[in-house]
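> Data: query16.txt, compact mmCIF, C-alpha atoms.
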# COMPACT_ATOMS: atom_id res chain seq x y z
CA MET T 1 152.69 72.65 76.28
CA LYS T 2 151.14 75.92 75.26
CA VAL T 3 147.64 77.27 75.70
CA GLU T 4 146.04 77.45 72.28
CA GLU T 5 142.81 78.62 70.66
CA TYR T 6 141.87 80.85 73.62
CA GLN T 7 138.44 82.44 73.16
CA GLU T 8 135.97 84.42 75.24
CA ARG T 9 132.35 85.22 74.53
CA LYS T 10 129.24 86.38 76.36
CA LEU T 11 125.71 85.02 76.29
CA GLU T 12 122.58 85.10 78.45
CA ILE T 13 121.36 82.08 80.40
CA GLU T 14 118.20 82.09 82.51
CA GLY T 15 118.21 85.88 82.34
CA TRP T 16 121.74 86.25 83.64
CA PRO T 17 124.75 87.39 81.63
CA VAL T 18 127.31 84.61 81.38
CA HIS T 19 130.90 84.72 80.23
CA LEU T 20 132.32 81.66 78.46
CA THR T 21 136.05 81.12 78.21
CA SER T 22 137.48 78.18 76.30
CA TYR T 23 140.95 77.08 75.28
CA ARG T 24 142.90 74.00 74.35
CA ILE T 25 145.82 72.42 76.17
CA GLY T 26 147.19 69.44 74.29
CA GLU T 27 144.26 67.44 72.98
CA VAL T 28 141.74 68.68 75.53
CA PHE T 29 139.47 71.71 75.31
CA HIS T 30 138.59 73.37 78.60
CA CYS T 31 135.68 75.72 79.21
CA THR T 32 134.68 77.94 82.12
CA ALA T 33 131.31 79.63 82.48
CA ASP T 34 131.09 82.47 84.95
CA ASN T 35 128.39 84.88 85.95
CA VAL T 36 129.57 88.21 84.59
CA SER T 37 128.71 89.93 87.86
CA PRO T 38 130.44 89.18 90.16
CA GLY T 39 132.54 86.87 87.99
CA ALA T 40 132.22 83.67 89.98
CA ALA T 41 132.64 80.39 88.12
CA LEU T 42 129.47 78.42 87.47
CA ALA T 43 130.92 75.50 85.57
CA ARG T 44 134.28 74.19 84.47
CA THR T 45 134.22 71.49 81.86
CA SER T 46 136.42 69.67 79.38
CA GLY T 47 135.86 67.91 76.09
CA ALA T 48 137.47 66.66 72.93
CA THR T 49 136.13 69.68 71.03
CA ARG T 50 135.34 73.26 71.96
CA GLU T 51 131.68 72.62 71.23
CA GLU T 52 131.56 69.65 73.59
CA ALA T 53 133.26 71.56 76.40
CA GLU T 54 131.07 74.63 75.92
CA ASN T 55 127.84 72.65 75.74
CA LYS T 56 128.63 70.91 79.01
CA ALA T 57 129.40 74.26 80.64
CA ILE T 58 126.20 75.85 79.33
CA GLU T 59 124.15 72.89 80.57
CA ARG T 60 125.60 73.10 84.08
CA ALA T 61 125.34 76.88 84.20
CA THR T 62 121.71 76.69 83.13
CA GLU T 63 120.94 74.25 85.90
CA ARG T 64 122.67 76.36 88.55
CA LEU T 65 121.33 79.71 87.42
CA GLY T 66 117.83 78.28 87.26
CA ARG T 67 117.96 77.82 91.03
CA THR T 68 118.90 81.42 91.76
CA ARG T 69 116.14 83.22 93.64
CA ARG T 70 115.46 86.90 93.12
CA HIS T 71 114.06 88.63 96.20
CA PRO T 72 111.94 91.77 96.15
CA VAL T 73 113.88 94.83 97.24
CA MET X 1 152.78 99.70 86.92
CA ALA X 2 155.15 102.51 87.80
CA ASP X 3 152.46 104.90 89.03
CA TYR X 4 151.13 102.62 91.73
CA ALA X 5 152.03 103.36 95.33
CA HIS X 6 153.74 99.98 95.58
CA PRO X 7 154.50 98.78 92.06
CA GLU X 8 156.67 96.07 93.55
CA ALA X 9 153.45 94.37 94.72
CA LEU X 10 152.74 93.32 91.14
CA ALA X 11 154.58 91.05 88.73
CA SER X 12 153.79 91.03 85.03
CA THR X 13 153.17 87.78 83.18
CA GLU X 14 156.35 88.49 81.23
CA TRP X 15 158.38 88.82 84.43
CA VAL X 16 156.93 85.56 85.72
CA ALA X 17 157.73 83.80 82.45
CA GLN X 18 161.34 84.87 82.88
CA HIS X 19 161.73 84.24 86.60
CA ALA X 20 159.29 81.50 87.65
CA GLN X 21 162.02 78.95 88.09
CA ASP X 22 164.62 81.20 89.71
CA PRO X 23 165.79 79.60 92.98
CA HIS X 24 164.78 82.60 95.10
CA VAL X 25 161.32 82.87 93.47
CA ARG X 26 158.30 80.71 94.24
CA VAL X 27 155.18 80.98 92.11
CA VAL X 28 151.97 79.75 93.71
CA GLU X 29 148.60 79.23 92.03
CA VAL X 30 145.55 79.76 94.25
CA ASP X 31 142.21 79.16 92.56
CA VAL X 32 138.58 79.33 93.54
CA ASP X 33 138.27 75.95 91.86
CA THR X 34 141.25 73.98 93.02
CA THR X 35 141.14 71.64 90.01
CA GLU X 36 142.25 74.40 87.66
CA TYR X 37 145.91 73.89 88.53
CA SER X 38 145.87 70.31 87.27
CA LYS X 39 144.67 71.37 83.82
CA GLY X 40 147.86 73.33 83.28
CA HIS X 41 149.75 75.90 85.29
CA VAL X 42 152.76 78.20 85.17
CA PRO X 43 155.74 75.87 84.87
CA GLY X 44 157.36 75.54 88.27
CA ALA X 45 154.34 76.77 90.19
CA VAL X 46 152.97 74.96 93.21
CA ALA X 47 149.30 75.18 94.27
CA TRP X 48 147.50 76.02 97.47
CA ASN X 49 143.95 74.91 98.15
CA TRP X 50 142.14 77.79 99.85
CA THR X 51 139.60 75.51 101.51
CA THR X 52 142.14 73.30 103.24
CA GLN X 53 145.44 75.19 103.23
CA LEU X 54 144.52 78.86 103.56
CA SER X 55 141.82 78.55 106.19
CA ASP X 56 141.55 76.80 109.50
CA THR X 57 139.56 73.67 108.70
CA VAL X 58 137.83 73.43 112.09
CA ARG X 59 136.83 76.92 113.17
CA ARG X 60 136.14 79.75 110.78
CA ASP X 61 139.42 81.63 110.75
CA ILE X 62 142.56 82.35 108.81
CA LEU X 63 145.61 80.19 109.41
CA SER X 64 147.28 80.29 112.79
CA LYS X 65 150.88 81.40 112.83
CA HIS X 66 152.01 77.79 113.21
CA GLN X 67 149.84 76.64 110.31
CA PHE X 68 151.11 79.50 108.19
CA GLU X 69 154.74 78.68 108.93
CA ASN X 70 154.15 75.06 107.96
CA LEU X 71 152.48 76.09 104.70
CA MET X 72 155.43 78.30 103.78
CA SER X 73 157.95 75.66 104.76
CA GLU X 74 156.25 72.94 102.72
CA ALA X 75 156.14 75.22 99.68
CA GLY X 76 159.86 75.81 99.95
CA ILE X 77 159.34 79.42 100.91
CA SER X 78 161.82 81.07 103.28
CA ASN X 79 161.50 84.57 104.69
CA ALA X 80 163.74 85.78 101.85
CA THR X 81 161.79 84.18 99.00
CA THR X 82 160.06 86.32 96.40
CA VAL X 83 156.56 84.87 96.20
CA VAL X 84 154.32 85.49 93.20
CA LEU X 85 150.68 84.54 93.61
CA TYR X 86 148.17 84.13 90.84
CA GLY X 87 144.87 82.39 90.27
CA ASP X 88 141.53 82.24 88.54
CA ASN X 89 138.71 84.77 88.88
CA ASN X 90 141.18 87.62 88.47
CA ASN X 91 143.21 86.56 91.49
CA TRP X 92 140.42 86.39 94.08
CA PHE X 93 142.02 83.78 96.28
CA ALA X 94 145.52 84.73 95.26
CA ALA X 95 144.70 88.06 96.89
CA TRP X 96 143.34 86.19 99.92
CA ALA X 97 146.68 84.38 100.22
CA LEU X 98 148.61 87.62 99.76
CA TRP X 99 146.60 89.33 102.48
CA GLN X 100 147.44 86.52 104.90
CA MET X 101 151.11 86.64 103.90
CA LYS X 102 151.13 90.36 104.66
CA MET X 103 149.47 89.70 108.01
CA TYR X 104 152.25 87.28 108.85
CA GLY X 105 154.95 89.70 107.73
CA HIS X 106 156.25 88.27 104.45
CA LYS X 107 158.37 90.98 102.86
CA ASP X 108 158.27 90.24 99.15
CA VAL X 109 154.94 88.90 97.93
CA ARG X 110 153.35 89.94 94.65
CA LEU X 111 150.30 89.29 92.54
CA MET X 112 150.76 88.32 88.92
CA ASN X 113 148.92 91.12 87.16
CA GLY X 114 146.06 89.60 85.17
CA GLY X 115 146.19 86.28 86.97
CA ARG X 116 145.59 82.92 85.37
CA LYS X 117 143.27 84.47 82.78
CA LYS X 118 145.99 86.62 81.26
CA TRP X 119 148.54 83.80 81.28
CA LEU X 120 146.13 81.58 79.35
CA ALA X 121 145.00 84.33 76.97
CA GLU X 122 148.61 85.05 76.05
CA GLY X 123 149.10 81.44 74.99
CA ARG X 124 151.98 80.91 77.34
CA ASP X 125 153.61 77.65 78.33
CA VAL X 126 151.83 75.54 80.90
CA SER X 127 152.79 72.41 82.75
CA THR X 128 150.74 69.66 84.34
CA GLY X 129 153.64 68.39 86.44
CA VAL X 130 153.83 69.09 90.14
CA PRO X 131 157.31 70.30 91.08
CA SER X 132 159.01 68.74 94.05
CA VAL X 133 160.27 71.38 96.43
CA ALA X 134 162.62 71.10 99.40
CA HIS X 135 161.18 72.32 102.68
CA ALA X 136 162.45 75.67 103.87
CA THR X 137 162.74 77.27 107.28
CA TYR X 138 160.17 79.97 107.91
CA THR X 139 159.51 82.21 110.88
CA ALA X 140 156.38 84.34 110.75
CA SER X 141 155.73 87.56 112.59
CA GLY X 142 152.37 88.92 113.63
CA PRO X 143 149.63 88.39 112.86
CA ASP X 144 149.22 92.06 112.07
CA ASN X 145 145.58 92.49 112.92
CA ALA X 146 145.68 96.09 111.70
CA LEU X 147 144.99 94.58 108.28
CA ARG X 148 141.90 92.73 109.44
CA ALA X 149 138.49 93.89 110.64
CA PHE X 150 136.55 91.94 113.22
CA LEU X 151 132.86 92.22 113.93
CA ASP X 152 133.20 94.73 116.77
CA GLN X 153 135.25 97.03 114.57
CA VAL X 154 132.62 96.89 111.86
CA ARG X 155 129.89 97.66 114.40
CA ALA X 156 131.95 100.63 115.57
CA ALA X 157 132.36 101.79 111.99
CA VAL X 158 128.59 101.68 111.47
CA ASP X 159 127.94 103.57 114.70
CA GLY X 160 130.76 106.07 114.41
CA GLY X 161 130.65 106.97 110.75
CA HIS X 162 134.36 107.77 110.69
CA THR X 163 135.37 104.71 108.68
CA GLY X 164 134.55 104.07 105.05
CA LEU X 165 132.78 100.78 104.40
CA VAL X 166 133.22 99.32 100.93
CA ASP X 167 130.93 96.54 99.77
CA VAL X 168 132.69 94.88 96.83
CA ARG X 169 129.94 92.38 95.93
CA SER X 170 127.82 92.64 92.81
CA PRO X 171 125.09 95.32 92.76
CA ALA X 172 122.35 92.68 93.06
CA GLU X 173 123.96 91.27 96.21
CA PHE X 174 124.35 94.78 97.61
CA THR X 175 120.68 95.65 97.17
CA GLY X 176 119.51 92.31 98.55
CA GLU X 177 117.94 91.12 95.30
CA ILE X 178 120.05 87.97 95.54
CA LEU X 179 121.69 86.37 98.57
CA ALA X 180 124.72 84.97 96.73
CA PRO X 181 126.34 85.36 93.33
CA PRO X 182 123.99 83.97 90.66
CA GLY X 183 124.22 80.19 90.59
CA LEU X 184 125.99 79.85 93.92
CA PRO X 185 124.48 78.59 97.19
CA GLU X 186 122.85 81.13 99.47
CA THR X 187 124.91 81.42 102.64
CA CYS X 188 123.04 84.07 104.59
CA GLN X 189 119.65 84.57 106.15
CA ARG X 190 119.17 88.15 105.04
CA GLY X 191 120.12 90.12 101.94
CA GLY X 192 121.27 93.71 101.72
CA HIS X 193 124.33 95.53 102.94
CA ILE X 194 125.89 97.02 106.03
CA PRO X 195 124.38 100.47 106.67
CA GLY X 196 126.55 103.23 105.29
CA ALA X 197 128.50 100.99 102.92
CA ARG X 198 129.32 102.17 99.43
CA SER X 199 128.87 99.73 96.55
CA ILE X 200 132.11 99.44 94.60
CA PRO X 201 132.18 95.96 93.00
CA TRP X 202 135.66 94.45 92.97
CA GLY X 203 135.62 93.97 89.20
CA LYS X 204 135.53 97.69 88.55
CA ALA X 205 139.19 97.74 89.53
CA CYS X 206 140.12 95.50 86.59
CA ASN X 207 140.52 95.80 82.87
CA ASP X 208 139.02 93.24 80.51
CA ASP X 209 142.30 91.33 80.36
CA GLY X 210 142.30 90.90 84.14
CA THR X 211 145.01 93.45 84.88
CA PHE X 212 144.44 96.27 87.30
CA LYS X 213 143.33 99.65 86.09
CA SER X 214 145.78 102.52 86.28
CA TYR X 215 146.49 104.44 89.46
CA ASP X 216 144.52 107.43 88.20
CA GLU X 217 141.53 105.30 87.21
CA LEU X 218 141.51 103.53 90.59
CA LYS X 219 141.85 106.77 92.50
CA ALA X 220 138.88 108.21 90.61
CA LEU X 221 136.82 105.03 91.07
CA TYR X 222 137.13 104.92 94.85
CA GLY X 223 137.41 108.67 95.34
CA GLY X 224 134.08 109.09 93.59
CA GLU X 225 132.50 107.16 96.46
CA GLY X 226 134.34 109.05 99.18
CA ILE X 227 137.12 106.49 99.60
CA ASP X 228 140.14 108.71 99.15
CA GLY X 229 142.59 107.65 101.85
CA SER X 230 141.58 110.40 104.25
CA LYS X 231 139.99 107.98 106.74
CA PRO X 232 140.17 104.29 107.63
CA VAL X 233 138.48 101.83 105.30
CA ILE X 234 136.92 98.41 105.80
CA ALA X 235 136.25 96.27 102.73
CA TYR X 236 133.90 93.31 102.77
CA CYS X 237 132.18 90.88 100.41
CA ARG X 238 130.55 87.51 101.13
CA ILE X 239 133.39 85.40 102.56
CA GLY X 240 136.39 87.73 102.38
CA GLU X 241 138.23 86.80 99.20
CA ARG X 242 136.80 89.42 96.86
CA SER X 243 137.40 92.01 99.55
CA SER X 244 141.02 90.83 99.78
CA HIS X 245 141.28 91.86 96.15
CA THR X 246 139.95 95.33 96.99
CA TRP X 247 142.15 95.47 100.10
CA PHE X 248 145.11 94.91 97.76
CA VAL X 249 144.00 97.71 95.45
CA LEU X 250 143.46 100.21 98.25
CA SER X 251 146.52 99.42 100.33
CA GLU X 252 149.10 98.32 97.77
CA LEU X 253 148.17 100.06 94.53
CA LEU X 254 146.70 103.27 95.93
CA GLY X 255 148.83 103.24 99.07
CA TYR X 256 146.03 104.11 101.48
CA ASN X 257 146.75 103.55 105.16
CA HIS X 258 144.43 101.87 107.64
CA VAL X 259 142.71 99.54 105.20
CA ARG X 260 141.19 96.43 106.72
CA ASN X 261 139.65 93.34 105.19
CA TYR X 262 136.52 92.14 107.00
CA ASP X 263 136.82 88.43 106.24
CA GLY X 264 133.71 87.66 108.27
CA SER X 265 131.93 89.64 105.57
CA TRP X 266 128.28 89.12 104.65
CA THR X 267 128.21 85.49 105.76
CA GLU X 268 128.78 86.85 109.26
CA TRP X 269 126.81 90.11 109.16
CA GLY X 270 123.90 88.71 107.14
CA ASN X 271 123.39 85.92 109.67
CA LEU X 272 123.63 88.00 112.84
CA VAL X 273 120.52 88.29 114.95
CA GLY X 274 119.61 91.94 115.29
CA ALA X 275 122.29 93.38 113.04
CA PRO X 276 121.19 96.48 111.14
CA VAL X 277 120.77 95.89 107.42
CA GLU X 278 120.10 98.32 104.62
CA ARG X 279 118.37 97.12 101.46
CA GLY X 280 118.20 98.67 98.05
CA ALA X 281 120.59 101.34 96.86
CA ALA X 282 122.96 103.01 99.29
CA GLN X 283 121.03 105.34 101.56
CA THR X 284 123.73 107.53 103.02
CA ALA X 285 125.36 110.53 101.46
CA LYS X 286 128.84 110.27 100.11
CA ALA X 287 131.46 110.76 102.78
Is it possible to express this structure as structure tokens?

Amino acid sequence: MKVEEYQERKLEIEGWPVHLTSYRIGEVFHCTADNVSPGAALARTSGATREEAENKAIERATERLGRTRRHPV
Amino acid sequence: MADYAHPEALASTEWVAQHAQDPHVRVVEVDVDTTEYSKGHVPGAVAWNWTTQLSDTVRRDILSKHQFENLMSEAGISNATTVVLYGDNNNWFAAWALWQMKMYGHKDVRLMNGGRKKWLAEGRDVSTGVPSVAHATYTASGPDNALRAFLDQVRAAVDGGHTGLVDVRSPAEFTGEILAPPGLPETCQRGGHIPGARSIPWGKACNDDGTFKSYDELKALYGGEGIDGSKPVIAYCRIGERSSHTWFVLSELLGYNHVRNYDGSWTEWGNLVGAPVERGAAQTAKA
């Protein structure tokens, strides 16, 4: 099998920059959402379409980023 | 890759595509998220789980020599095998595995430049099958603790000022604004950084496609913060994997001597009672 339809894009969730990567292997689309800095994965999802995989990733990333506390410096 | 101090420490995706199934080559995927491998991996590659196979599962430590030898043996790796490591997040835990392999004296171990990201982006072949490998005989040396920093050595670096400290976490972790990467669990009691550390996030060493920047770009990046190979260096992050990545850059690509990875990192320092902590931007002058 080959990796197909590889795409990357950036968006903002809960005030944090997020990087979405999606691609298809066989019949399944995979998506990873990571926080741009430092680049740690927030969600890894799969779906029958890119939209389904991305929406799941965005939902999980939103939930996780919403819990992030900012401390006064 | 020719300009790097040790270009042999890197393998291109093209080289891996051509050699992954050579009998003297073993490709190993090491991911932050250990389920990535099952979605599709370099054909012929085996996987290591960093939480259970690249760390002691009882005490907080790297593998013992015996555990390391077993891991190599079970992966079909002999002392003469060329090992190519790659993984997600631009090779974070692949670099962690490489650092341990260097500590235990493996001669020919490389990172796939660009990691899993580049392999996927190039639309290369992937497999979901798990290869069966015959066990090999492996005898480790070391561990070479000159590659590793322990707490006392970090304390001495803070007190002495003769060792460069490189904090490779994100700027917001460095200042203390957040206690963990956004969205991840907080694992420390205090935010900030080790006094005297310079903030050089690991990702600055990489291009957008996940490959490493050129020798000249890397030299300028670290040299601009006083990390130029003229004195010992200790790199740290939160748990030691991102700093393994920077350890690789400094020791293998730039060829600096006396580079240590502080794998205790901020989860150790940021939980210590009485440890000095700096918050906000770096306070000390460039070395």
> Using all atoms listed in the file, select each residue of chain T with any atom at most 8 Å away from an atom of chain X, and give the selection as a list in words.
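Within 8 Å of chain X on chain T, we get Met1, Lys2, Val3, Glu4, Tyr6, Gln7, Trp16, Tyr23, Ile25, Asn35, Ser37, Pro38, Gly39, Ala40, Ala41, Leu42, Ala61, Arg64, Leu65, Gly66, Arg67, Thr68, Arg69, Arg70, His71, Pro72 and Val73 of chain T.
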> Give me, as a list in words, all polymer residues having an atom no more than 9 Å from Ile58 (chain T), counting only C-alpha atoms and skipping those fewer than 6 positions away in the same chain.
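The filter keeps Ile13, Leu20, Ala33 and Ala43 of chain T.
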> Compile the contact shell of Asp159 (chain X) as a ChimeraX atom specification: residues with an atom at most 12 Å away, counting all atoms listed in the file, same-chain residues fewer than 5 positions apart removed.
/X:152-154,164-165,194-196,275-276
> Under the rule that only C-alpha atoms are counted, which of X:Ala47, X:Ala140, X:Val58, X:Leu253 is the nearest residue to Ala80 (chain X)?
X:Ala140
> Find the spatial neighbours of Ser22 (chain T), counting all atoms listed in the file, within a cut-off of 9 Å - ignore same-chain residues fewer than 4 positions away - and output them as a list in words.
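Here the qualifying residues turn out to be Glu5, Tyr6, Gln7, Glu8, Arg9, Phe29, His30, Cys31, Thr32, Ala33, Arg50, Ala53 and Glu54 of chain T.
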> Work out how far apart CA of Glu74 (chain X) and CA of Gln53 (chain X) are and give it in Å to one decimal.
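For CA of Glu74 (chain X) relative to CA of Gln53 (chain X), the distance reads 11.1 Å.
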> To one decimal place in Å, what is the distance between CA of Asp228 (chain X) and CA of Trp247 (chain X)?
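Result for CA of Asp228 (chain X) versus CA of Trp247 (chain X): 13.4 Å, one decimal.
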> Got a sec to check which residues sit within 9 Å of (144.1, 67.4, 73.2), counting all atoms listed in the file, and write them as a PyMOL selection string?
chain T and resi 24-29+47-49
